[in-house]
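Take a look at the structure set out below.
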Amino acid sequence: MNLTLYGVEIWATALLFGRIGGMLMLLPGFGEPAVPPRIRLAFALALAIGMGPALANNVPQAADSALGMAFQVGAEVLIGVMLGGAARMLVSALATAGQIVGMEMGISFAQTADPTAMGSGQLIAVFLGIMGVALIFATGLHHMFLLGVAGSYEVISIGASPPVGDAAQLALEATATSFRVGFQIAVPLLVAGMMFRVGMGVLSRLIPQIQVFFVALPLQIMGGLVVFALGLSTGMLIWLDSLERYATWLR
């Protein structure tokens with residue numbers, strides 16, 4: 001028996017809402033902590049209602065018991081969290097890069113308010129996080145993620161059991177990619193920092209009278225900002241490419 005409310009099939013919408021809600025709570029851009037959860041879930045419900053007619057023929061029959069129906073909806077929620085969590089893991093590459101860059105520049109203890117996380121964070125990491133969210137919407141990558149939400153039903157059909165083995169592999173690959181991208185963003189600072197410290201060590205041996213610490217810290221911050229600015233565009237393009245690859249895989 002199909003239950004409808006104002007022409008909307010309740011069972012199909014519930015299944016779709018489970019996966020879409022789980023994804024939109026975590027997807028980059030849409031799932032930022034600064035966006036109220038009610039807004040995210042309301043948007044997910046609107047998408048579920050809009051996608052319902054296109055996927056109505058693929059919706060499995062409801063279980064005979066309320067517990068069975070809850071398990072079906074819960075499986076869709078787990079799939080959505082799995083797919084959205086992998087994308088969220090890629091976003092954490094910016095935090096990794098920010099921590100490395102801040103340490104190399106000598107400002108790792110500098111904290112500031114993070115509007116995207118509704119808290120405080122390391123200065124460079126907050127800057128990269130805000131820039132990342134802005135670039136997602138400026139480049140239209142959020143449209144690809146919305147297409148990926150619809151395309152996820154081709155990757156994992158609606159009503160299917162959560163693929164535990166594939167989920168573990170996906171989490172492993174997302175984590176590895178996140179650390180790799182974060183390291184790539186911070187590579188210019190790592191190389192420049194190593195060269196700078198070697199130079200300061202040689203200078204301290206040649207001229208022991210110089211207070212290396214007082215001379216090095218301002219130069220370390222100023223030089224770090226210059227190197228960071230020069231390599232920022234390339235690093236952010238690498239990060240956007242990793243998100244685009246994942247969104248394309250979902251589609």
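Numbering starts fresh at 1 for the residues of each chain in the structure tokens, the chains themselves are lettered A, B, ... in the order given, and ligands are numbered from 1 as they appear.
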
Show me a table, sorted first by chain and then by increasing residue number, of the residues of segment 16-96 of chain A having an atom at most 6 Å from segment 112-129 of chain A, each with its shortest atom pair and the distance in Å to one decimal, counting only C-alpha atoms and written as JSON lines.
```
{"residue": "A:Pro33", "atom": "CA", "partner": "A:Ala117", "partner_atom": "CA", "distance": 5.2}
{"residue": "A:Ala34", "atom": "CA", "partner": "A:Thr116", "partner_atom": "CA", "distance": 5.1}
{"residue": "A:Leu94", "atom": "CA", "partner": "A:Leu128", "partner_atom": "CA", "distance": 5.9}
{"residue": "A:Ala95", "atom": "CA", "partner": "A:Ala125", "partner_atom": "CA", "distance": 4.9}
```

Using the selection just defined, write its residues with C-alpha atoms as a compact mmCIF listing (two decimals), in the first residue's frame.
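Dumped everything to selection_10.txt:
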```
# COMPACT_ATOMS: atom_id res chain seq x y z
CA PRO A 33 28.82 23.71 10.89
CA ALA A 34 27.92 27.37 10.31
CA LEU A 94 43.08 22.19 4.54
CA ALA A 95 43.31 21.87 8.32
```

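Here the residues within segment 103-223 of chain A that DSSP labels strand (DSSP E) on the basis of the backbone are Gln111, Thr112, Ala113, Asp114, Gly119, Ser120, Gly121 and Gln122 of chain A.
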
What would the file look like if the residues just selected were written as a PDB file, in the first residue's frame with N, CA and C atoms?
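Output saved as again.pdb:
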```pdb
ATOM      1  N   GLN A 111      45.671  31.770  17.429  1.00  0.00           N
ATOM      2  CA  GLN A 111      44.299  31.304  17.298  1.00  0.00           C
ATOM      3  C   GLN A 111      43.393  32.466  16.897  1.00  0.00           C
ATOM      4  N   THR A 112      42.354  32.144  16.157  1.00  0.00           N
ATOM      5  CA  THR A 112      41.372  33.149  15.774  1.00  0.00           C
ATOM      6  C   THR A 112      40.015  32.486  15.635  1.00  0.00           C
ATOM      7  N   ALA A 113      38.964  33.291  15.559  1.00  0.00           N
ATOM      8  CA  ALA A 113      37.611  32.747  15.424  1.00  0.00           C
ATOM      9  C   ALA A 113      37.442  32.115  14.057  1.00  0.00           C
ATOM     10  N   ASP A 114      36.821  30.939  14.030  1.00  0.00           N
ATOM     11  CA  ASP A 114      36.571  30.222  12.789  1.00  0.00           C
ATOM     12  C   ASP A 114      35.074  30.260  12.496  1.00  0.00           C
ATOM     13  N   GLY A 119      33.763  28.199  16.106  1.00  0.00           N
ATOM     14  CA  GLY A 119      34.682  28.071  17.224  1.00  0.00           C
ATOM     15  C   GLY A 119      35.961  28.812  16.903  1.00  0.00           C
ATOM     16  N   SER A 120      37.055  28.370  17.484  1.00  0.00           N
ATOM     17  CA  SER A 120      38.359  28.958  17.214  1.00  0.00           C
ATOM     18  C   SER A 120      39.254  27.903  16.587  1.00  0.00           C
ATOM     19  N   GLY A 121      40.264  28.386  15.867  1.00  0.00           N
ATOM     20  CA  GLY A 121      41.180  27.471  15.215  1.00  0.00           C
ATOM     21  C   GLY A 121      42.496  28.151  14.924  1.00  0.00           C
ATOM     22  N   GLN A 122      43.450  27.360  14.446  1.00  0.00           N
ATOM     23  CA  GLN A 122      44.754  27.894  14.103  1.00  0.00           C
ATOM     24  C   GLN A 122      44.631  28.877  12.944  1.00  0.00           C
TER      25      GLN A 122
END
```

Find the spatial neighbours of Val164 of chain A, counting only C-alpha atoms, within a cut-off of 12 Å - ignore same-chain residues fewer than 4 positions away - and output them as a list of chain:residue names. A:Ala75, A:Leu78, A:Ile79, A:Met82, A:Ala160, A:Ala168, A:Gln169, A:Leu170, A:Ala171

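Between atom CA of Val226 of chain A and atom CA of Gly106 of chain A the separation is 13.9 Å.
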
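You can rank A:Ser242, A:Gln209, A:Gln220, A:Thr13 by their closest distance to Ile136 of chain A using only C-alpha atoms, and at the top of that list sits A:Ser242.
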
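Of the listed residues A:Ser152, A:Ser204, A:Ser178, A:Thr234, the one whose atoms come nearest to Trp249 of chain A is A:Ser152, with distances taken using only C-alpha atoms.
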
Tell me which of A:Ile221, A:Val91, A:Ala54, A:Val215 sits closest to Thr175 of chain A, counting only C-alpha atoms. A:Val91

Pick the closest to Glu154 of chain A from A:Ile207, A:Ile107, A:Leu55, A:Val212: which is it, counting only C-alpha atoms? A:Leu55

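Minimum distance to Glu173 of chain A across A:Gly68, A:Gly85, A:Gly199, A:Pro36 (counting only C-alpha atoms) occurs at A:Gly85.
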